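**Student:** First the structure, then my questions, so here it is.
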Amino acid sequence: MSKSKQKGTLAETAVADYLRQTFPAVERRALAGVNDKGDLSNVPFSVVEVKNQRSYKIHQWIKETEIERINAGKELGVLVIKPNGVGVANVNKWWAVVSLDTITALIEELRVKRLQSSTDRGD
């Protein structure tokens, strides 16, 4: 296995292990070529693409994540980037990148849920 493949596998495994604490069914995906659906499976509503490279190609990676989201038919595309100098022991400090549309929709969904919750309680 090439060194870059090893780095990718290490990062994907670290993110999968971290997410599995909340979503126990999370698994690494096998490579799928042109019909790729992200690096991890069984993350609710989401495609997760993980990157562990010295230089950041965020624009390119966001495009890749969006294509994978469409391929998988999921609602969310999340790009997880391992920052230089932050090891797998601190995977919770890695960056999760989503589009402004995505974060706006998530915040709105939370806002509506909270409003409904307070209405249901009679607040």
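Labels used: A, B, ... for chains in the order of the structure tokens, numbers from 1 for residues in each chain, and numbers from 1 for ligands as shown.
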Within 7 Å of segment 41-56 of chain A, which residues of segment 69-110 of chain A show up? Give each one with its shortest atom-to-atom distance in Å (one decimal) and the two atoms involved, counting only C-alpha atoms, rows by chain then rising residue number, as JSON lines.
**Tutor:**
```
{"residue": "A:Arg69", "atom": "CA", "partner": "A:Val47", "partner_atom": "CA", "distance": 5.4}
{"residue": "A:Lys74", "atom": "CA", "partner": "A:Phe45", "partner_atom": "CA", "distance": 5.4}
{"residue": "A:Glu75", "atom": "CA", "partner": "A:Phe45", "partner_atom": "CA", "distance": 5.4}
{"residue": "A:Leu76", "atom": "CA", "partner": "A:Ser46", "partner_atom": "CA", "distance": 4.5}
{"residue": "A:Gly77", "atom": "CA", "partner": "A:Val47", "partner_atom": "CA", "distance": 4.8}
{"residue": "A:Val78", "atom": "CA", "partner": "A:Val48", "partner_atom": "CA", "distance": 4.9}
{"residue": "A:Leu79", "atom": "CA", "partner": "A:Glu49", "partner_atom": "CA", "distance": 4.9}
{"residue": "A:Val80", "atom": "CA", "partner": "A:Val50", "partner_atom": "CA", "distance": 4.7}
{"residue": "A:Ile81", "atom": "CA", "partner": "A:Lys51", "partner_atom": "CA", "distance": 4.9}
{"residue": "A:Lys82", "atom": "CA", "partner": "A:Asn52", "partner_atom": "CA", "distance": 5.2}
{"residue": "A:Asn84", "atom": "CA", "partner": "A:Arg54", "partner_atom": "CA", "distance": 6.4}
```
**Student:** If we count only C-alpha atoms, what is near Thr9 of chain A at a cut-off of 10 Å, once residues fewer than 2 positions away on the same chain are taken out, given as a compact mmCIF listing (two decimals) with N, CA and C atoms, in the first residue's frame?
**Tutor:**
```
# COMPACT_ATOMS: atom_id res chain seq x y z
N LYS A 3 2.17 5.16 0.59
CA LYS A 3 2.16 6.00 1.78
C LYS A 3 0.91 6.88 1.83
N SER A 4 0.50 7.44 0.68
CA SER A 4 -0.70 8.30 0.67
C SER A 4 -1.96 7.48 0.98
N LYS A 5 -2.02 6.24 0.49
CA LYS A 5 -3.15 5.34 0.80
C LYS A 5 -3.18 5.05 2.29
N GLN A 6 -2.00 4.82 2.89
CA GLN A 6 -1.93 4.54 4.32
C GLN A 6 -2.44 5.74 5.12
N LYS A 7 -2.03 6.95 4.71
CA LYS A 7 -2.49 8.16 5.39
C LYS A 7 -4.00 8.29 5.30
N ALA A 11 -6.72 8.13 8.44
CA ALA A 11 -7.66 9.22 8.71
C ALA A 11 -9.11 8.73 8.65
N GLU A 12 -9.44 7.94 7.65
CA GLU A 12 -10.80 7.41 7.53
C GLU A 12 -11.17 6.55 8.74
N THR A 13 -10.25 5.73 9.17
CA THR A 13 -10.48 4.87 10.33
C THR A 13 -10.68 5.71 11.59
N ALA A 14 -9.87 6.75 11.76
CA ALA A 14 -10.00 7.62 12.94
C ALA A 14 -11.35 8.31 12.96
N VAL A 15 -11.80 8.82 11.82
CA VAL A 15 -13.10 9.50 11.76
C VAL A 15 -14.23 8.49 11.98
N ARG A 28 -16.18 2.19 7.08
CA ARG A 28 -15.45 2.69 5.92
C ARG A 28 -16.01 2.02 4.68
N ASP A 39 -16.37 8.31 1.81
CA ASP A 39 -15.45 7.39 2.49
C ASP A 39 -16.11 6.56 3.58
N VAL A 50 -13.21 12.13 3.73
CA VAL A 50 -12.13 12.41 4.67
C VAL A 50 -10.84 12.67 3.89
N LYS A 51 -10.13 13.75 4.26
CA LYS A 51 -8.88 14.09 3.59
C LYS A 51 -7.76 14.26 4.61
N ASN A 52 -6.61 13.67 4.27
CA ASN A 52 -5.41 13.76 5.11
C ASN A 52 -4.23 14.03 4.18
```
**Student:** Please run DSSP on the backbone and report, as number ranges by chain, all residues within segment 51-121 of chain A that come out as alpha helix (DSSP H).
**Tutor:** A: 58-72, 100-121
**Student:** Per DSSP on the backbone, what are the strand (DSSP E or B) residues of chain A, as a PDB file with N, CA and C atoms, in the first residue's frame?
**Tutor:**
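Below is the file that was written, out_14.pdb:
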```pdb
ATOM      1  N   GLU A  27     -19.215   2.709   8.980  1.00  0.00           N
ATOM      2  CA  GLU A  27     -18.162   1.856   8.431  1.00  0.00           C
ATOM      3  C   GLU A  27     -17.419   2.603   7.334  1.00  0.00           C
ATOM      4  N   ARG A  28     -16.185   2.195   7.083  1.00  0.00           N
ATOM      5  CA  ARG A  28     -15.452   2.691   5.922  1.00  0.00           C
ATOM      6  C   ARG A  28     -16.011   2.023   4.677  1.00  0.00           C
ATOM      7  N   LEU A  40     -17.201   7.064   4.140  1.00  0.00           N
ATOM      8  CA  LEU A  40     -17.864   6.371   5.253  1.00  0.00           C
ATOM      9  C   LEU A  40     -19.325   6.117   4.918  1.00  0.00           C
ATOM     10  N   SER A  41     -19.853   5.028   5.415  1.00  0.00           N
ATOM     11  CA  SER A  41     -21.265   4.720   5.226  1.00  0.00           C
ATOM     12  C   SER A  41     -21.969   4.687   6.581  1.00  0.00           C
ATOM     13  N   SER A  46     -26.106  11.516   5.473  1.00  0.00           N
ATOM     14  CA  SER A  46     -24.860  12.178   5.106  1.00  0.00           C
ATOM     15  C   SER A  46     -23.890  11.324   4.299  1.00  0.00           C
ATOM     16  N   VAL A  47     -23.118  12.031   3.481  1.00  0.00           N
ATOM     17  CA  VAL A  47     -21.921  11.491   2.857  1.00  0.00           C
ATOM     18  C   VAL A  47     -20.755  12.159   3.564  1.00  0.00           C
ATOM     19  N   VAL A  48     -19.762  11.370   3.932  1.00  0.00           N
ATOM     20  CA  VAL A  48     -18.578  11.910   4.601  1.00  0.00           C
ATOM     21  C   VAL A  48     -17.359  11.578   3.754  1.00  0.00           C
ATOM     22  N   GLU A  49     -16.632  12.620   3.382  1.00  0.00           N
ATOM     23  CA  GLU A  49     -15.373  12.493   2.645  1.00  0.00           C
ATOM     24  C   GLU A  49     -14.259  12.939   3.586  1.00  0.00           C
ATOM     25  N   VAL A  50     -13.214  12.126   3.735  1.00  0.00           N
ATOM     26  CA  VAL A  50     -12.125  12.411   4.674  1.00  0.00           C
ATOM     27  C   VAL A  50     -10.841  12.669   3.895  1.00  0.00           C
ATOM     28  N   LYS A  51     -10.135  13.746   4.259  1.00  0.00           N
ATOM     29  CA  LYS A  51      -8.878  14.088   3.589  1.00  0.00           C
ATOM     30  C   LYS A  51      -7.759  14.257   4.608  1.00  0.00           C
ATOM     31  N   LEU A  76     -26.884  15.541   3.070  1.00  0.00           N
ATOM     32  CA  LEU A  76     -25.738  16.320   3.525  1.00  0.00           C
ATOM     33  C   LEU A  76     -24.438  15.756   2.973  1.00  0.00           C
ATOM     34  N   GLY A  77     -23.551  16.663   2.601  1.00  0.00           N
ATOM     35  CA  GLY A  77     -22.193  16.288   2.228  1.00  0.00           C
ATOM     36  C   GLY A  77     -21.241  16.954   3.207  1.00  0.00           C
ATOM     37  N   VAL A  78     -20.436  16.159   3.887  1.00  0.00           N
ATOM     38  CA  VAL A  78     -19.515  16.695   4.895  1.00  0.00           C
ATOM     39  C   VAL A  78     -18.091  16.303   4.511  1.00  0.00           C
ATOM     40  N   LEU A  79     -17.236  17.310   4.413  1.00  0.00           N
ATOM     41  CA  LEU A  79     -15.826  17.112   4.140  1.00  0.00           C
ATOM     42  C   LEU A  79     -15.082  17.222   5.465  1.00  0.00           C
ATOM     43  N   VAL A  80     -14.379  16.165   5.864  1.00  0.00           N
ATOM     44  CA  VAL A  80     -13.589  16.179   7.096  1.00  0.00           C
ATOM     45  C   VAL A  80     -12.120  16.262   6.699  1.00  0.00           C
ATOM     46  N   ILE A  81     -11.423  17.267   7.253  1.00  0.00           N
ATOM     47  CA  ILE A  81     -10.024  17.500   6.918  1.00  0.00           C
ATOM     48  C   ILE A  81      -9.173  17.365   8.174  1.00  0.00           C
ATOM     49  N   TRP A  95     -11.345  19.363  11.121  1.00  0.00           N
ATOM     50  CA  TRP A  95     -12.317  20.302  10.567  1.00  0.00           C
ATOM     51  C   TRP A  95     -13.401  19.559   9.792  1.00  0.00           C
ATOM     52  N   ALA A  96     -14.644  19.956  10.018  1.00  0.00           N
ATOM     53  CA  ALA A  96     -15.775  19.478   9.220  1.00  0.00           C
ATOM     54  C   ALA A  96     -16.252  20.666   8.395  1.00  0.00           C
ATOM     55  N   VAL A  97     -16.198  20.530   7.079  1.00  0.00           N
ATOM     56  CA  VAL A  97     -16.532  21.624   6.174  1.00  0.00           C
ATOM     57  C   VAL A  97     -17.822  21.291   5.444  1.00  0.00           C
TER      58      VAL A  97
END
```
**Student:** At a cut-off of 12 Å, using only C-alpha atoms, what residues contact Gly33 of chain A? Leave out same-chain residues fewer than 5 positions from it and give the result as a PDB file with N, CA and C atoms, in the first residue's frame.
**Tutor:**
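Heads up, here's the output in out_27.pdb:
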```pdb
ATOM      1  N   GLY A  38     -18.562   8.544  -1.098  1.00  0.00           N
ATOM      2  CA  GLY A  38     -17.912   9.005   0.123  1.00  0.00           C
ATOM      3  C   GLY A  38     -17.084   7.914   0.763  1.00  0.00           C
ATOM      4  N   ASP A  39     -16.369   8.307   1.809  1.00  0.00           N
ATOM      5  CA  ASP A  39     -15.454   7.391   2.486  1.00  0.00           C
ATOM      6  C   ASP A  39     -16.108   6.562   3.581  1.00  0.00           C
ATOM      7  N   GLU A  64     -15.850  17.356  -4.998  1.00  0.00           N
ATOM      8  CA  GLU A  64     -15.838  15.890  -4.908  1.00  0.00           C
ATOM      9  C   GLU A  64     -16.895  15.399  -3.920  1.00  0.00           C
ATOM     10  N   ILE A  67     -20.414  15.734  -5.442  1.00  0.00           N
ATOM     11  CA  ILE A  67     -20.685  14.673  -6.421  1.00  0.00           C
ATOM     12  C   ILE A  67     -21.012  13.366  -5.698  1.00  0.00           C
ATOM     13  N   GLU A  68     -20.256  13.060  -4.656  1.00  0.00           N
ATOM     14  CA  GLU A  68     -20.494  11.835  -3.880  1.00  0.00           C
ATOM     15  C   GLU A  68     -21.839  11.886  -3.166  1.00  0.00           C
ATOM     16  N   ASN A  71     -24.352  11.111  -5.793  1.00  0.00           N
ATOM     17  CA  ASN A  71     -24.277   9.672  -6.112  1.00  0.00           C
ATOM     18  C   ASN A  71     -24.982   8.826  -5.063  1.00  0.00           C
TER      19      ASN A  71
END
```
